[in-house]
>>> print(open('structure31.cif').read())   # mmCIF, C-alpha atoms and all ligand atoms
data_protein
loop_
_atom_site.label_atom_id
_atom_site.label_comp_id
_atom_site.auth_asym_id
_atom_site.auth_seq_id
_atom_site.Cartn_x
_atom_site.Cartn_y
_atom_site.Cartn_z
CA MET C 18 -3.97 42.33 16.65
CA ASP C 19 -5.19 41.26 20.05
CA SER C 20 -2.31 39.70 21.91
CA SER C 21 -4.13 38.38 24.97
CA LEU C 22 -5.13 34.73 25.22
CA ILE C 23 -8.93 34.27 25.12
CA SER C 24 -8.79 31.36 27.51
CA THR C 25 -6.14 29.26 29.19
CA LEU C 26 -8.33 26.19 28.67
CA LEU C 27 -6.05 24.40 26.20
CA ARG C 28 -3.00 25.20 28.33
CA ASP C 29 -4.89 23.75 31.32
CA LEU C 30 -5.75 20.62 29.32
CA ASP C 31 -2.10 20.22 28.32
CA ASN C 32 -1.04 20.41 31.96
CA LEU C 33 -3.76 18.00 32.98
CA VAL C 34 -2.71 15.39 30.43
CA TRP C 35 0.95 15.79 31.38
CA GLU C 36 0.20 15.37 35.08
CA ILE C 37 -1.99 12.33 34.53
CA HIS C 38 0.74 10.70 32.43
CA THR C 39 3.35 11.41 35.08
CA ILE C 40 1.14 9.73 37.68
CA TYR C 41 0.65 6.72 35.36
CA GLU C 42 4.35 6.36 34.63
CA ALA C 43 5.19 6.50 38.34
CA SER C 44 2.66 3.76 39.14
CA PHE C 45 3.61 1.58 36.19
CA ARG C 46 7.30 1.80 37.07
CA THR C 47 6.42 -0.20 40.19
CA PHE C 48 5.24 -2.94 37.78
CA SER C 49 8.71 -2.53 36.20
CA LEU C 50 7.28 -1.07 33.00
CA GLN C 51 9.33 1.50 31.13
CA LYS C 52 8.08 4.81 29.80
CA GLY C 53 5.12 4.51 27.46
CA GLN C 54 5.04 0.71 27.49
CA PHE C 55 1.64 0.52 29.19
CA ALA C 56 -0.04 2.04 26.14
CA TYR C 57 1.27 -0.76 23.88
CA LEU C 58 0.37 -3.45 26.41
CA THR C 59 -3.22 -2.33 26.92
CA ARG C 60 -3.83 -2.16 23.15
CA ILE C 61 -2.33 -5.64 22.64
CA CYS C 62 -4.40 -7.09 25.51
CA GLU C 63 -7.57 -5.53 24.12
CA ASN C 64 -6.81 -6.70 20.55
CA GLU C 65 -4.99 -10.02 20.85
CA GLY C 66 -3.31 -10.91 17.56
CA ILE C 67 -3.10 -7.30 16.38
CA ASN C 68 -0.36 -6.67 13.80
CA LEU C 69 2.32 -3.99 13.87
CA ALA C 70 0.67 -1.71 11.31
CA ASP C 71 -2.68 -1.69 13.10
CA LEU C 72 -0.99 -1.15 16.42
CA SER C 73 0.92 1.91 15.23
CA PHE C 74 -2.26 3.25 13.64
CA GLN C 75 -4.23 2.89 16.88
CA LEU C 76 -1.56 4.61 18.93
CA LYS C 77 -0.90 7.29 16.27
CA VAL C 78 2.83 6.49 16.43
CA ASP C 79 5.05 5.85 13.42
CA LYS C 80 5.97 2.29 12.44
CA THR C 81 9.69 2.52 13.30
CA THR C 82 8.92 3.62 16.86
CA THR C 83 6.34 0.85 17.20
CA THR C 84 8.78 -1.75 15.86
CA LYS C 85 11.42 -0.73 18.41
CA ALA C 86 8.94 -0.67 21.29
CA VAL C 87 7.56 -4.10 20.33
CA GLN C 88 11.05 -5.55 20.10
CA LYS C 89 11.77 -4.37 23.64
CA LEU C 90 8.50 -5.81 24.96
CA ILE C 91 9.34 -9.19 23.41
CA LEU C 92 12.79 -9.17 25.03
CA SER C 93 11.16 -8.40 28.40
CA ASP C 94 8.80 -11.34 27.91
CA LEU C 95 5.79 -9.03 28.05
CA ILE C 96 4.45 -10.00 24.63
CA ARG C 97 5.11 -12.68 22.05
CA LYS C 98 4.77 -12.64 18.29
CA GLU C 99 3.41 -15.21 15.86
CA GLN C 100 4.00 -15.20 12.14
CA ASP C 101 0.96 -15.03 9.88
CA THR C 102 0.32 -18.46 8.37
CA ILE C 103 -0.30 -17.03 4.91
CA ASP C 104 1.56 -13.72 4.62
CA LYS C 105 4.98 -14.30 6.20
CA ARG C 106 5.68 -10.56 6.33
CA ILE C 107 2.99 -10.09 8.98
CA TRP C 108 3.49 -10.79 12.67
CA HIS C 109 0.66 -11.01 15.18
CA LEU C 110 1.20 -9.85 18.73
CA PHE C 111 -0.10 -11.51 21.88
CA PRO C 112 0.22 -10.70 25.59
CA THR C 113 2.09 -13.19 27.75
CA ASP C 114 0.41 -14.49 30.95
CA LYS C 115 2.51 -12.02 32.91
CA THR C 116 1.01 -9.17 30.87
CA ARG C 117 -2.55 -10.45 31.23
CA GLN C 118 -2.11 -10.13 34.99
CA LEU C 119 -0.53 -6.69 34.63
CA TYR C 120 -3.42 -5.59 32.46
CA SER C 121 -5.99 -5.65 35.25
CA GLN C 122 -3.60 -3.70 37.46
CA ILE C 123 -3.07 -1.10 34.75
CA ILE C 124 -6.82 -0.74 34.24
CA SER C 125 -7.55 -0.36 37.95
CA GLU C 126 -4.84 2.31 38.22
CA LYS C 127 -6.44 4.13 35.28
CA ASN C 128 -9.84 3.89 36.97
CA ARG C 129 -8.36 5.22 40.19
CA VAL C 130 -6.93 8.29 38.39
CA LEU C 131 -10.23 8.78 36.56
CA GLU C 132 -12.09 8.84 39.87
CA LEU C 133 -9.58 11.40 41.21
CA CYS C 134 -10.30 13.60 38.19
CA PHE C 135 -14.05 13.36 38.72
CA ALA C 136 -13.99 14.13 42.43
CA GLY C 137 -16.87 16.50 43.23
CA PHE C 138 -18.60 15.83 39.88
CA ASN C 139 -22.17 14.55 39.99
CA SER C 140 -23.25 11.99 37.40
CA LYS C 141 -24.83 14.68 35.21
CA ASP C 142 -21.57 16.67 35.21
CA ARG C 143 -19.69 13.57 34.10
CA VAL C 144 -22.00 12.99 31.15
CA THR C 145 -21.93 16.68 30.15
CA PHE C 146 -18.15 16.81 30.35
CA GLY C 147 -17.87 13.66 28.23
CA SER C 148 -20.13 14.98 25.50
CA LEU C 149 -18.37 18.37 25.46
CA VAL C 150 -14.99 16.67 24.99
CA THR C 151 -16.44 14.51 22.18
CA LYS C 152 -17.77 17.64 20.49
CA MET C 153 -14.43 19.40 20.80
CA SER C 154 -12.60 16.37 19.35
CA ALA C 155 -14.96 16.31 16.39
CA ASN C 156 -14.29 20.02 15.77
CA ILE C 157 -10.53 19.62 15.81
CA ALA C 158 -10.68 16.39 13.76
CA LYS C 159 -11.64 18.44 10.68
CA GLU C 160 -8.56 20.65 11.01
CA TRP C 161 -6.39 17.59 11.72
CA GLU C 162 -7.66 15.84 8.58
CA LYS C 163 -7.04 19.01 6.50
CA LEU C 164 -3.47 19.18 7.77
CA ARG C 165 -2.84 15.52 6.96
CA ILE C 166 -4.05 16.01 3.39
CA GLU C 167 -1.88 19.11 3.07
CA ILE C 168 1.19 17.19 4.24
CA LYS C 169 0.40 14.41 1.78
CA ASN C 170 -0.04 16.91 -1.08
CA ASN C 171 3.25 18.60 -0.21
CA VAL C 172 5.01 15.27 -0.37
CA SER C 173 3.59 14.56 -3.82
CA LYS C 174 4.37 18.14 -4.95
CA ASN C 175 8.00 17.64 -3.93
CA ALA C 176 8.09 14.36 -5.80
CA GLN C 177 6.59 16.01 -8.89
CA ASN C 178 9.24 18.74 -8.76
CA MET C 179 11.86 16.01 -8.87
CA SER C 180 10.12 14.30 -11.74
CA LEU C 181 11.56 14.31 -15.25
CA TYR C 182 8.08 13.54 -16.51
CA ARG C 183 6.10 16.39 -15.03
CA ASP C 184 3.29 17.51 -17.40
CA LYS C 185 4.46 14.97 -20.02
CA LYS C 186 1.89 12.90 -21.89
CA VAL C 187 2.16 9.22 -21.01
CA LEU C 188 0.28 6.51 -22.89
CA LEU C 189 -1.21 3.63 -20.97
CA ALA C 190 -0.92 0.74 -23.42
CA SER C 191 -3.43 -1.52 -21.81
CA MET C 192 -7.01 -2.68 -21.90
CA HIS C 193 -9.70 -3.47 -19.35
CA GLN C 194 -9.88 -0.03 -17.73
CA LYS C 195 -6.66 -0.40 -15.80
CA GLU C 196 -6.42 3.40 -15.83
CA LEU C 197 -8.81 3.28 -12.88
CA ALA C 198 -5.94 1.86 -10.84
CA ILE C 199 -2.96 3.52 -12.53
CA LYS C 200 -3.95 7.07 -13.48
CA GLU C 201 -4.19 8.61 -10.02
CA PRO C 202 -0.86 7.45 -8.56
CA PHE C 203 1.01 8.45 -11.73
CA GLU C 204 -0.62 11.85 -12.02
CA GLU C 205 -0.17 12.55 -8.31
CA ILE C 206 3.34 11.25 -7.79
CA VAL C 207 4.97 11.64 -11.21
CA GLY C 208 2.91 14.66 -12.28
CA CYS C 209 2.43 13.35 -15.83
CA LYS C 210 -0.78 13.24 -17.87
CA LEU C 211 -1.97 9.70 -18.46
CA GLU C 212 -3.75 9.00 -21.74
CA VAL C 213 -5.50 5.84 -22.81
CA ILE C 214 -5.99 4.59 -26.37
CA ASP C 215 -9.27 2.80 -26.89
CA ASN C 216 -8.84 -0.75 -28.07
CA PHE C 217 -5.07 -0.94 -28.06
CA ASN C 218 -4.78 -4.52 -29.19
CA THR C 219 -2.64 -6.26 -26.60
CA ASP C 220 -3.71 -9.70 -27.81
CA GLN C 221 -1.07 -9.59 -30.53
CA PHE C 222 1.47 -10.22 -27.77
CA GLY C 223 -0.36 -13.25 -26.47
CA THR C 224 -2.34 -13.50 -23.29
CA PHE C 225 -1.11 -15.00 -20.09
CA SER C 226 -3.17 -17.50 -18.22
CA GLY C 227 0.09 -18.41 -16.94
CA GLU C 228 2.57 -19.67 -14.56
CA VAL C 229 4.70 -17.47 -12.37
CA GLU C 230 7.77 -19.14 -13.87
CA ARG C 231 7.01 -17.10 -16.94
CA VAL C 232 7.63 -13.75 -15.25
CA LEU C 233 10.78 -13.26 -17.31
CA THR C 234 8.90 -13.83 -20.51
CA VAL C 235 6.26 -11.45 -19.24
CA TYR C 236 8.96 -8.80 -18.74
CA GLU C 237 10.13 -9.16 -22.35
CA THR C 238 6.52 -8.92 -23.53
CA LEU C 239 5.99 -5.78 -21.46
CA LYS C 240 9.01 -4.14 -23.06
CA LYS C 241 7.89 -5.12 -26.53
CA LYS C 242 4.37 -3.90 -25.92
CA ALA C 243 5.63 -0.52 -24.70
CA VAL C 244 8.04 -0.06 -27.63
CA VAL C 245 5.41 -1.02 -30.22
CA ALA C 246 2.80 1.25 -28.65
CA ALA C 247 5.25 4.19 -28.48
CA GLU C 248 5.93 3.86 -32.21
CA GLN C 249 2.38 3.09 -33.28
CA TYR C 250 0.81 6.05 -31.44
CA ASN C 251 3.86 8.31 -31.40
CA TYR C 252 4.32 8.74 -27.66
CA ASP C 253 7.63 9.37 -25.88
CA TYR C 254 6.44 7.71 -22.70
CA VAL C 255 4.41 4.54 -22.32
CA ILE C 256 3.20 2.33 -19.47
CA SER C 257 2.48 -1.33 -20.17
CA SER C 258 0.91 -3.86 -17.86
CA GLU C 259 0.59 -7.62 -17.43
CA GLY C 260 -0.84 -10.01 -14.89
CA ALA C 261 -0.15 -13.69 -14.32
CA PHE C 262 -2.20 -16.01 -12.12
CA GLY C 263 -1.35 -19.30 -10.56
CA PRO C 264 0.25 -21.00 -7.58
CA HIS C 265 2.30 -18.69 -5.35
CA PRO C 266 6.05 -19.11 -6.07
CA ASN C 267 6.86 -19.70 -2.38
CA TYR C 268 3.64 -21.14 -1.00
CA LEU C 269 2.51 -23.46 -3.73
CA LEU C 270 -0.77 -24.34 -2.07
CA ALA C 271 -2.03 -20.77 -2.33
CA ASN C 272 -3.03 -19.03 -5.53
CA SER C 273 -1.51 -15.71 -6.33
CA ASP C 274 -1.79 -12.77 -8.68
CA THR C 275 1.51 -11.45 -10.04
CA GLU C 276 1.18 -8.01 -11.57
CA MET C 277 3.91 -6.27 -13.54
CA LEU C 278 4.06 -2.70 -14.75
CA LEU C 279 6.66 -1.08 -16.94
CA PHE C 280 7.36 2.58 -17.65
CA TYR C 281 9.17 3.22 -20.94
CA ASP C 282 11.05 6.44 -21.64
CA ARG C 283 11.69 6.35 -25.38
CA VAL C 284 13.70 9.60 -25.34
CA ASN C 285 16.36 8.24 -23.00
CA ASP C 286 15.75 4.53 -23.61
CA TYR C 287 14.92 3.80 -19.98
CA PHE C 288 12.84 0.82 -18.94
CA ILE C 289 11.62 1.08 -15.33
CA SER C 290 9.56 -1.81 -14.03
CA ASP C 291 8.22 -3.29 -10.84
CA TYR C 292 5.99 -6.15 -9.78
CA GLU C 293 3.69 -7.14 -6.96
CA ILE C 294 2.79 -10.67 -5.91
CA SER C 295 -0.35 -11.02 -3.85
CA MET C 296 -2.41 -13.86 -2.48
CA GLU C 297 -5.46 -11.58 -2.40
CA THR C 298 -6.93 -13.21 -5.46
CA ASN C 299 -10.17 -15.08 -6.07
CA LEU C 300 -8.63 -17.24 -8.83
CA ALA C 301 -10.59 -20.50 -8.91
CA ASP C 302 -12.75 -22.70 -11.09
CA TYR C 303 -15.62 -25.09 -10.55
CA GLU C 304 -16.91 -27.89 -12.72
CA PHE C 305 -20.30 -29.58 -12.41
CA ASP C 306 -22.60 -31.87 -14.40
CA GLN C 307 -25.89 -31.87 -12.47
CA PRO C 308 -28.65 -29.42 -13.52
CA ASP C 309 -29.53 -28.88 -9.85
CA ASP C 310 -25.95 -28.48 -8.63
CA ASP C 311 -25.77 -26.03 -5.75
CA TYR C 312 -22.85 -23.80 -6.66
CA SER C 313 -23.72 -21.09 -4.09
CA LYS C 314 -20.71 -21.91 -1.93
CA PHE C 315 -18.36 -21.47 -4.87
CA LEU C 316 -20.01 -18.16 -5.76
CA GLU C 317 -19.51 -16.92 -2.24
CA LYS C 318 -15.88 -18.02 -2.20
CA VAL C 319 -15.04 -16.16 -5.41
CA MET C 320 -16.90 -13.02 -4.28
CA PHE C 321 -19.55 -13.20 -7.00
CA PRO C 322 -21.18 -10.93 -8.17
CA SER C 323 -18.69 -8.13 -7.31
CA HIS C 324 -16.17 -10.35 -9.13
CA ALA C 325 -17.43 -11.66 -12.48
CA LEU C 326 -17.35 -15.20 -13.84
CA ILE C 327 -16.71 -16.91 -17.15
CA LEU C 328 -18.87 -19.87 -18.19
CA LYS C 329 -17.19 -22.58 -20.21
CA ALA C 330 -18.03 -25.96 -21.70
CA GLY C 331 -14.75 -27.73 -22.26
CA ASN C 332 -12.57 -25.12 -23.92
CA THR C 333 -15.48 -23.21 -25.40
CA VAL C 334 -16.25 -19.89 -23.73
CA LEU C 335 -20.04 -19.54 -23.49
CA ALA C 336 -20.11 -16.20 -21.69
CA LYS C 337 -17.69 -13.75 -20.05
CA GLY C 338 -18.11 -11.00 -17.48
CA ILE C 339 -21.22 -12.54 -15.90
CA ASN C 340 -22.04 -10.48 -12.84
CA ASP C 341 -25.58 -11.21 -11.76
CA ARG C 342 -27.12 -14.36 -10.37
CA ALA C 343 -30.21 -14.42 -12.58
CA THR C 344 -28.11 -14.32 -15.77
CA LEU C 345 -25.78 -16.96 -14.41
CA ASP C 346 -28.61 -19.36 -13.48
CA GLN C 347 -30.27 -18.76 -16.83
CA LEU C 348 -27.04 -19.53 -18.74
CA VAL C 349 -26.56 -22.71 -16.72
CA SER C 350 -30.06 -24.01 -17.34
CA GLU C 351 -29.80 -23.15 -21.05
CA ASN C 352 -26.52 -25.05 -21.46
CA ILE C 353 -26.26 -27.87 -18.94
CA HIS C 354 -28.34 -30.34 -20.98
CA LYS C 355 -26.66 -29.39 -24.22
CA TYR C 356 -23.08 -29.88 -22.95
CA GLY C 357 -23.58 -32.19 -19.98
CA LYS C 358 -20.71 -30.57 -18.11
CA LEU C 359 -20.07 -26.87 -17.40
CA LYS C 360 -17.30 -24.94 -15.78
CA PHE C 361 -17.14 -21.57 -14.00
CA GLU C 362 -13.88 -19.69 -14.09
CA THR C 363 -13.14 -16.44 -12.32
CA ASP C 364 -12.95 -13.59 -14.83
CA MET C 365 -9.50 -12.12 -14.23
CA ARG C 366 -9.86 -9.08 -16.52
CA ALA C 367 -9.15 -6.06 -14.34
CA MET C 368 -12.51 -4.29 -14.72
CA HIS C 369 -14.30 -7.50 -13.73
CA ASN C 370 -12.08 -8.22 -10.78
CA PRO C 371 -11.84 -5.60 -7.99
CA SER C 372 -9.26 -7.68 -6.09
CA ARG C 373 -6.95 -7.52 -9.07
CA MET C 374 -7.63 -3.81 -9.59
CA LYS C 375 -6.54 -3.21 -5.99
CA ILE C 376 -3.23 -5.03 -6.52
CA ILE C 377 -2.58 -3.07 -9.73
CA ASN C 378 -3.22 0.12 -7.76
CA ILE C 379 -0.70 -0.86 -5.08
CA LEU C 380 1.82 -1.66 -7.80
CA ALA C 381 1.12 1.60 -9.66
CA ASN C 382 1.94 3.53 -6.48
CA LYS C 383 5.15 1.55 -6.11
CA LEU C 384 6.23 2.09 -9.72
CA ALA C 385 5.33 5.81 -9.67
CA LYS C 386 7.58 6.30 -6.64
CA ARG C 387 10.35 4.46 -8.41
CA VAL C 388 9.98 6.63 -11.51
CA VAL C 389 10.70 9.74 -9.41
CA ALA C 390 13.56 8.12 -7.45
CA HIS C 391 16.88 9.06 -9.01
CA CYS C 392 20.22 7.32 -8.67
CA LYS C 393 22.52 9.30 -6.38
CA LYS C 394 25.49 8.52 -8.58
CA CYS C 395 24.26 9.14 -12.14
CA ASP C 396 20.85 10.82 -11.56
CA VAL C 397 19.00 8.39 -13.84
CA PRO C 398 15.38 7.76 -12.64
CA GLY C 399 14.07 4.35 -11.65
CA PHE C 400 16.24 3.70 -8.62
CA GLY C 401 14.58 0.97 -6.56
CA ILE C 402 14.55 -2.52 -5.09
CA THR C 403 15.68 -5.14 -7.57
CA SER C 404 16.64 -8.04 -5.36
CA TYR C 405 17.27 -9.33 -1.88
CA SER C 406 20.63 -10.45 -0.58
CA GLY C 407 22.48 -11.78 2.44
CA TYR C 408 21.06 -14.31 4.84
CA LEU C 409 19.70 -14.15 8.36
CA LEU C 410 21.39 -16.63 10.65
CA CYS C 411 19.36 -19.33 12.37
CA GLU C 412 18.37 -18.46 15.93
CA LEU C 413 19.21 -22.00 17.06
CA CYS C 414 22.33 -23.16 15.22
CA GLY C 415 23.71 -19.94 13.79
CA LEU C 416 23.94 -21.22 10.22
CA PRO C 417 22.63 -19.11 7.32
CA THR C 418 18.94 -19.67 6.51
CA LYS C 419 16.86 -18.97 3.41
CA ILE C 420 15.60 -15.69 4.91
CA LYS C 421 17.12 -12.69 3.16
CA LYS C 422 18.70 -9.93 5.18
CA TYR C 423 18.89 -6.96 2.79
CA ARG C 424 16.85 -5.23 0.18
CA ASP C 425 19.10 -4.16 -2.69
CA TYR C 426 18.29 -0.87 -4.38
CA LYS C 427 19.88 -0.64 -7.80
CA CYS C 428 20.24 1.84 -10.60
CA ILE C 429 18.84 0.89 -14.01
CA LYS C 430 21.94 2.27 -15.81
CA CYS C 431 25.05 2.34 -13.60
CA ASP C 432 26.37 -0.07 -10.97
CA HIS C 433 25.29 1.93 -7.90
CA ILE C 434 23.71 -0.23 -5.17
CA GLU C 435 22.32 0.64 -1.75
CA LYS C 436 21.48 -2.01 0.82
CA GLU C 437 18.75 -1.73 3.45
CA ILE C 438 17.99 -4.22 6.23
CA VAL C 439 14.65 -5.91 5.48
CA ASP C 440 13.37 -6.01 9.06
CA SER C 441 15.46 -4.37 11.73
CA SER C 442 13.29 -5.86 14.48
CA ILE C 443 14.44 -9.39 13.59
CA GLN C 444 18.06 -10.28 14.29
CA PHE C 445 17.87 -14.04 13.75
CA ALA C 446 15.73 -16.33 11.64
CA ASP C 447 13.19 -18.75 13.04
CA PRO C 448 14.74 -22.28 12.99
CA LYS C 449 11.81 -23.46 10.84
CA TYR C 450 13.49 -21.70 7.91
CA CYS C 451 16.81 -23.43 8.63
CA ASP C 452 17.84 -26.31 6.40
CA PHE C 453 19.97 -27.72 9.18
CA CYS C 454 17.44 -27.54 12.06
CA ASN C 455 14.35 -28.17 9.93
CA PRO C 456 15.47 -30.00 6.81
ZN ZN C 501 19.43 -23.92 12.46
ZN ZN C 502 23.13 5.24 -11.56
#
>>> encode(input="structure31.cif", output="structure tokens", more="lines below")
Ligand SMILES: [Zn+2]
Ligand SMILES: [Zn+2]
Amino acid sequence: MDSSLISTLLRDLDNLVWEIHTIYEASFRTFSLQKGQFAYLTRICENEGINLADLSFQLKVDKTTTTKAVQKLILSDLIRKEQDTIDKRIWHLFPTDKTRQLYSQIISEKNRVLELCFAGFNSKDRVTFGSLVTKMSANIAKEWEKLRIEIKNNVSKNAQNMSLYRDKKVLLASMHQKELAIKEPFEEIVGCKLEVIDNFNTDQFGTFSGEVERVLTVYETLKKKAVVAAEQYNYDYVISSEGAFGPHPNYLLANSDTEMLLFYDRVNDYFISDYEISMETNLADYEFDQPDDDYSKFLEKVMFPSHALILKAGNTVLAKGINDRATLDQLVSENIHKYGKLKFETDMRAMHNPSRMKIINILANKLAKRVVAHCKKCDVPGFGITSYSGYLLCELCGLPTKIKKYRDYKCIKCDHIEKEIVDSSIQFADPKYCDFCNP
């Protein structure tokens, strides 16, 4: 094996990058910026309103590091955060005026260093160098991507090794092609084999057009469905699924899709379930009585035709799963005179509703991870978040607010609980959630 280095190029690049960063840090210290802060500030200035997840993705830094860095920048009055008006878990980041002024200084320092690097280059050299670097990045990107996939596969292999259900046959007791959203996460994370029965009649358990208040009832139905399916088709392991649509439990003005999934282990009598509430739903209806009604705006709003519609006259369903404009128009003109009044409803069946399918997929990933998480005390699977507890104190008056402090992880069999702080970057609650300051 040849033990001499072909070229010191990469070593030289390493040194170059290190030197440039040292020069940056020295300059930015005079603006009283701490190590690495300039990178966050420039990204936030260039993408005002960026959220934490996107910021950590852009900088290729993990979320915990980003959260800590952002917290520090807020304390130094370099950035401010604003809560998303719809999804309260998301915070948007903005530069303060102080930072906007700093930004131009940072950029001119970067330009100065760039010019130093290019001293003695003619314009053709600059272009050539740029395209060579781009080419090299593209070459290494393939290896980088391969490595990332390998790491991801190793993680799922480890999870599968932990899994009680590796190579076991699991029945998905559900209709409407939900396997498209559920199969992959379960096979990858749990390592089981998912099987689907054609036409498993879930209607016998009633359908839910329903209110979120009925989640408890939905849970009982899920259990019943799984038990019945396990007996009927002779499976030891079954997954059942339900969705409920309606006003969001916390933000009543917004519609939401609540999905629930349950994994039933008949051998050990374990029920492991999880749910996901999302406002990413097109749930809506539209009623009209004029033959020339222009319903285009409604169609756009509900993402037709990628999301299908149901046509109704009163309570009579005239057609389901409509997913092209010509058919829709035809059905309207055929029926509007006959009934006088027609109604479109969004078709919420999973295979007709990609938004819903996406939420089920997110939930399936969540449940699969829970199925391979074992209780540290009794080793029963299904260890996961069951509730939230504690209260954040109000930033203004110090009284407890409605904002929960901890996630509680609980065992499905024994009394073991682990608590985790919901958001370590927030120490106090915004007074708008305080009953005393904002009754
Ligand atoms: Zn208060
Ligand atoms: Zn336990």
>>> residues_around(input="structure31.cif", residues="Leu110 of chain C", least_positions_apart="6", cutoff="10 Å", atoms="only C-alpha atoms", output="mmCIF file with C-alpha atoms, in the coordinates of the input")
data_model
loop_
_atom_site.group_PDB
_atom_site.id
_atom_site.type_symbol
_atom_site.label_atom_id
_atom_site.label_comp_id
_atom_site.auth_asym_id
_atom_site.auth_seq_id
_atom_site.Cartn_x
_atom_site.Cartn_y
_atom_site.Cartn_z
ATOM 1 C CA ILE C 61 -2.330 -5.640 22.640
ATOM 2 C CA CYS C 62 -4.400 -7.090 25.510
ATOM 3 C CA ASN C 64 -6.810 -6.700 20.550
ATOM 4 C CA GLU C 65 -4.990 -10.020 20.850
ATOM 5 C CA GLY C 66 -3.310 -10.910 17.560
ATOM 6 C CA ILE C 67 -3.100 -7.300 16.380
ATOM 7 C CA ASN C 68 -0.360 -6.670 13.800
ATOM 8 C CA LEU C 69 2.320 -3.990 13.870
ATOM 9 C CA LEU C 72 -0.990 -1.150 16.420
ATOM 10 C CA VAL C 87 7.560 -4.100 20.330
ATOM 11 C CA ILE C 91 9.340 -9.190 23.410
ATOM 12 C CA ILE C 96 4.450 -10.000 24.630
ATOM 13 C CA ARG C 97 5.110 -12.680 22.050
ATOM 14 C CA LYS C 98 4.770 -12.640 18.290
ATOM 15 C CA GLU C 99 3.410 -15.210 15.860
ATOM 16 C CA GLN C 100 4.000 -15.200 12.140
#
>>> closest_residue(input="structure31.cif", among="C:His38, C:His193, C:Leu316, C:His324", to="Glu259 of chain C", atoms="all atoms listed in the file")
C:His193
>>> closest_residue(input="structure31.cif", among="C:Val439, C:Arg106, C:Ile429, C:Leu348", to="ligand ZN 502 (chain C)", atoms="all atoms listed in the file")
C:Ile429
>>> atom_distance(input="structure31.cif", atom1="atom CA of Asp310 of chain C", atom2="atom CA of Pro322 of chain C")
18.2 Å
>>> residues_around(input="structure31.cif", residues="Ala246 of chain C", least_positions_apart="5", cutoff="8 Å", atoms="only C-alpha atoms", output="list in words")
Ala190, Asn251, Tyr252 and Val255 of chain C
>>> residues_near_ligand(input="structure31.cif", ligand="ligand ZN 501 (chain C)", cutoff="7 Å", atoms="all atoms listed in the file", output="PDB file with C-alpha atoms, in the coordinates of the input")
ATOM      1  CA  CYS C 411      19.360 -19.330  12.370  1.00  0.00           C
ATOM      2  CA  GLU C 412      18.370 -18.460  15.930  1.00  0.00           C
ATOM      3  CA  LEU C 413      19.210 -22.000  17.060  1.00  0.00           C
ATOM      4  CA  CYS C 414      22.330 -23.160  15.220  1.00  0.00           C
ATOM      5  CA  GLY C 415      23.710 -19.940  13.790  1.00  0.00           C
ATOM      6  CA  LEU C 416      23.940 -21.220  10.220  1.00  0.00           C
ATOM      7  CA  PRO C 448      14.740 -22.280  12.990  1.00  0.00           C
ATOM      8  CA  CYS C 451      16.810 -23.430   8.630  1.00  0.00           C
ATOM      9  CA  ASP C 452      17.840 -26.310   6.400  1.00  0.00           C
ATOM     10  CA  PHE C 453      19.970 -27.720   9.180  1.00  0.00           C
ATOM     11  CA  CYS C 454      17.440 -27.540  12.060  1.00  0.00           C
TER      12      CYS C 454
END
>>> build_atoms(input="structure31.cif", residues="segment 125-134 of chain C", atoms="N, CA and C atoms", output="short mmCIF file (atom, residue, chain, number, x, y, z; two decimals), keeping the file's coordinate frame")
data_model
loop_
_atom_site.label_atom_id
_atom_site.label_comp_id
_atom_site.auth_asym_id
_atom_site.auth_seq_id
_atom_site.Cartn_x
_atom_site.Cartn_y
_atom_site.Cartn_z
N SER C 125 -7.02 -0.90 36.68
CA SER C 125 -7.55 -0.36 37.95
C SER C 125 -6.82 0.92 38.35
N GLU C 126 -5.54 1.04 37.96
CA GLU C 126 -4.84 2.31 38.22
C GLU C 126 -5.47 3.44 37.39
N LYS C 127 -5.81 3.11 36.13
CA LYS C 127 -6.44 4.13 35.28
C LYS C 127 -7.79 4.55 35.85
N ASN C 128 -8.55 3.56 36.36
CA ASN C 128 -9.84 3.89 36.97
C ASN C 128 -9.67 4.75 38.22
N ARG C 129 -8.61 4.45 38.97
CA ARG C 129 -8.36 5.22 40.19
C ARG C 129 -8.11 6.70 39.83
N VAL C 130 -7.26 6.92 38.80
CA VAL C 130 -6.93 8.29 38.39
C VAL C 130 -8.18 8.99 37.84
N LEU C 131 -8.99 8.22 37.11
CA LEU C 131 -10.23 8.78 36.56
C LEU C 131 -11.14 9.27 37.70
N GLU C 132 -11.25 8.45 38.73
CA GLU C 132 -12.09 8.84 39.87
C GLU C 132 -11.54 10.10 40.55
N LEU C 133 -10.20 10.19 40.64
CA LEU C 133 -9.58 11.40 41.21
C LEU C 133 -10.00 12.62 40.39
N CYS C 134 -9.94 12.48 39.07
CA CYS C 134 -10.30 13.60 38.19
C CYS C 134 -11.75 14.03 38.38
#
